[in-house]
Amino acid sequence: MPTTLIANATIWDATGAPGFVGDLRVEGNRIAAIGHDAARSDVDQIIDGTGKTLMPGLTEGHAHISFGDAASTEDLIAPSPEAHTLITARMARLLIDQGFTSCYGASAAKLKLDVAVRDAVDAGHIPGPRIRAGSTEITVTGGMGDESRLHNPRIGISCVVDGPEEMRRAVRLAIREGCDNIKLDVSGDPFYPGSPAHVTPMAFEEVQMAVDTAHAFGRKVNAHSRSIEGSKYCVRAGVDGLFHVEYADSELLDMLEEAKDRIVIAPSIGLFHAMIHHGEPWISRAACDAMGIPALIEASVETHSALRKRGIRHLIGGDYGLAWNPQGTNARDIRLLIDYYGYDAAGALTCATRNGGQAMRDQGDLGTLVPGALADMLLVDGDPLADVTILEDKNRLAMVMKDGAIHSIAPGLIDTATPDQRRVA
């Protein structure tokens, strides 16, 4: 792997420090030096960062890379495993093209889709981000994701279990098949009238079994939880990540603050924002109102604005991969964290970079631009701190680098002359 120097860029390192103009040196797959320590001698290639911002790569914190912009759960179920693998690979390519160098898996539509694509990316066979492969969703009879009826048994995108022992087996099976993240549907959801958002179908003992089993294998557990009781179950049981969390009371806010060093939360505002503003023709505004989406948005704003003030580690990621919320528009969540929850630009970008890196890897070597960190980074044409929406335009991504290798780069930015040729010049 060549030694690379990005020269004269404005470096925003996501550590909380202000940006500064300087150089960054990459050796192998890690950052070797920054600023005055980044020697320009003996490098294989120099990238001109003049007038551009160098920042960590983005992490999609609620990744459904197998959701190929489906308009219904039937669309998610319909593809064959072979066709669905190709869809997942295409979504992975789309995400890294958009600057997402990491994907923290929420769930997959079939058990091994994330696993297969992760393994192909890691082997260098196809392009894509780092992937923590999500399991299928694990739910309970009558809960969100249970699509069956007595007269019509139906295999959906969820694994249905009842009781701790069935939960233990489901988690072990997902881990045996290679999943990094286990996904639980702890609460209900507005898309399921029999199991609405405020209810908690999954028992605490089932959540605890999932956590204990997954942690015994060194895997993580994430939970779909909108209800107050469901989120409390998750915190008490030791769940690693929470998705949604619209409803809260003072006790839950205190619990989450106490657990902020071990838990991450993806508010997933992108889903509801898209339903209200981009839902037609798939979801009407009347349907959104009937599901109570405006009230859920209000609850989300109240809860996550309070959690921001308490220092919770938010991630971006809002159920992208649906027809009205398509994959590739994920960077919109950065702006939504500002618009809905009161983040400033630096805070929202930190959610998209440093916080996401911490969710991906416990080693603490991803999501910031510091010596020794993994070399996942973007060179952006412009200043995202002045306008975060430029990250929604892949044409503004002058370079995408993952693991020290250049995935894409704008013409004319790279100098591959040898050190001897530079000295002669």
# chains A, B, ... in the order shown; residues from 1 in each chain; ligands from 1
call {"tool": "select_by_dssp", "arguments": {"residues": "segment 125-341 of chain A", "states": "helix (DSSP H, G or I)", "output": "PyMOL selection string"}}
result
chain A and resi 164-176+204-216+228-237+250-258+269-278+285-291+293-309+332-341
call {"tool": "select_by_dssp", "arguments": {"residues": "segment 205-287 of chain A", "states": "strand (DSSP E)", "output": "JSON, numbers by chain"}}
result
{"A": [220, 221, 222, 223, 224, 225, 241, 242, 243, 244, 264, 265, 266]}
call {"tool": "write_last_selection", "arguments": {"atoms": "N, CA and C atoms", "output": "PDB file, in the first residue's frame"}}
result
ATOM      1  N   LYS A 220     -22.315  -7.345  19.668  1.00  0.00           N
ATOM      2  CA  LYS A 220     -23.103  -6.246  20.210  1.00  0.00           C
ATOM      3  C   LYS A 220     -24.595  -6.466  19.972  1.00  0.00           C
ATOM      4  N   VAL A 221     -25.404  -5.816  20.809  1.00  0.00           N
ATOM      5  CA  VAL A 221     -26.857  -5.885  20.698  1.00  0.00           C
ATOM      6  C   VAL A 221     -27.412  -4.477  20.535  1.00  0.00           C
ATOM      7  N   ASN A 222     -28.268  -4.319  19.536  1.00  0.00           N
ATOM      8  CA  ASN A 222     -28.952  -3.056  19.302  1.00  0.00           C
ATOM      9  C   ASN A 222     -30.455  -3.306  19.333  1.00  0.00           C
ATOM     10  N   ALA A 223     -31.195  -2.288  19.706  1.00  0.00           N
ATOM     11  CA  ALA A 223     -32.624  -2.482  19.888  1.00  0.00           C
ATOM     12  C   ALA A 223     -33.433  -1.373  19.249  1.00  0.00           C
ATOM     13  N   HIS A 224     -34.474  -1.781  18.539  1.00  0.00           N
ATOM     14  CA  HIS A 224     -35.549  -0.875  18.135  1.00  0.00           C
ATOM     15  C   HIS A 224     -36.397  -0.639  19.384  1.00  0.00           C
ATOM     16  N   SER A 225     -36.380   0.592  19.884  1.00  0.00           N
ATOM     17  CA  SER A 225     -37.162   0.886  21.079  1.00  0.00           C
ATOM     18  C   SER A 225     -37.700   2.302  20.997  1.00  0.00           C
ATOM     19  N   GLY A 241     -26.665  -0.395  21.729  1.00  0.00           N
ATOM     20  CA  GLY A 241     -27.153   0.709  20.920  1.00  0.00           C
ATOM     21  C   GLY A 241     -28.666   0.729  20.872  1.00  0.00           C
ATOM     22  N   LEU A 242     -29.236   1.926  20.856  1.00  0.00           N
ATOM     23  CA  LEU A 242     -30.677   2.103  20.786  1.00  0.00           C
ATOM     24  C   LEU A 242     -31.040   2.886  19.533  1.00  0.00           C
ATOM     25  N   PHE A 243     -32.094   2.446  18.869  1.00  0.00           N
ATOM     26  CA  PHE A 243     -32.615   3.145  17.715  1.00  0.00           C
ATOM     27  C   PHE A 243     -33.982   3.738  18.055  1.00  0.00           C
ATOM     28  N   HIS A 244     -34.184   4.980  17.701  1.00  0.00           N
ATOM     29  CA  HIS A 244     -35.449   5.718  17.811  1.00  0.00           C
ATOM     30  C   HIS A 244     -35.589   6.443  19.157  1.00  0.00           C
ATOM     31  N   VAL A 264     -24.798   3.965  22.619  1.00  0.00           N
ATOM     32  CA  VAL A 264     -24.981   4.961  21.559  1.00  0.00           C
ATOM     33  C   VAL A 264     -26.443   4.929  21.126  1.00  0.00           C
ATOM     34  N   ILE A 265     -26.903   6.054  20.594  1.00  0.00           N
ATOM     35  CA  ILE A 265     -28.313   6.178  20.219  1.00  0.00           C
ATOM     36  C   ILE A 265     -28.425   6.822  18.840  1.00  0.00           C
ATOM     37  N   ALA A 266     -29.169   6.168  17.952  1.00  0.00           N
ATOM     38  CA  ALA A 266     -29.494   6.742  16.650  1.00  0.00           C
ATOM     39  C   ALA A 266     -30.957   7.176  16.667  1.00  0.00           C
TER      40      ALA A 266
END
call {"tool": "closest_residue", "arguments": {"among": "A:Ala323, A:Pro190, A:Arg313, A:Met55", "to": "Ala290 of chain A", "atoms": "only C-alpha atoms"}}
result
A:Pro190
call {"tool": "atom_distance", "arguments": {"atom1": "atom CA of Ala348 of chain A", "atom2": "atom CA of Pro56 of chain A"}}
result
13.1 Å
call {"tool": "residues_around", "arguments": {"residues": "Leu95 of chain A", "least_positions_apart": "6", "cutoff": "9 Å", "atoms": "only C-alpha atoms", "output": "list in words"}}
result
Glu60, Ile65, Thr101, Ser102, Cys103, Gly128, Pro129, Gln327, Gly328, Thr329 and Asn330 of chain A
call {"tool": "residues_around", "arguments": {"residues": "Asp44 of chain A", "least_positions_apart": "5", "cutoff": "7 Å", "atoms": "only C-alpha atoms", "output": "list in words"}}
result
Pro2, Thr3, Thr4, Thr416 and Thr418 of chain A
call {"tool": "closest_residue", "arguments": {"among": "A:Pro193, A:Phe20, A:Asp37, A:Leu111", "to": "Ile175 of chain A", "atoms": "only C-alpha atoms"}}
result
A:Leu111
call {"tool": "atom_distance", "arguments": {"atom1": "atom CA of Arg30 of chain A", "atom2": "atom CA of Ser408 of chain A"}}
result
17.8 Å
call {"tool": "residues_around", "arguments": {"residues": "Lys394 of chain A", "least_positions_apart": "5", "cutoff": "9 Å", "atoms": "only C-alpha atoms", "output": "list in words"}}
result
Asp97, Gln98 and Gly99 of chain A
call {"tool": "closest_residue", "arguments": {"among": "A:Lys260, A:Val239, A:Ser300, A:Glu206", "to": "Arg226 of chain A", "atoms": "only C-alpha atoms"}}
result
A:Ser300
call {"tool": "closest_atom_pairs", "arguments": {"of": "segment 14-91 of chain A", "to": "segment 268-276 of chain A", "cutoff": "12 Å", "atoms": "only C-alpha atoms", "output": "tab-separated table"}}
result
residue	atom	partner	partner_atom	distance
A:Glu60	CA	A:Ser268	CA	10.7
A:Gly61	CA	A:Ser268	CA	9.1
A:His62	CA	A:Ser268	CA	7.6
A:Ala63	CA	A:Ser268	CA	10.6
A:Ala71	CA	A:Met275	CA	11.7
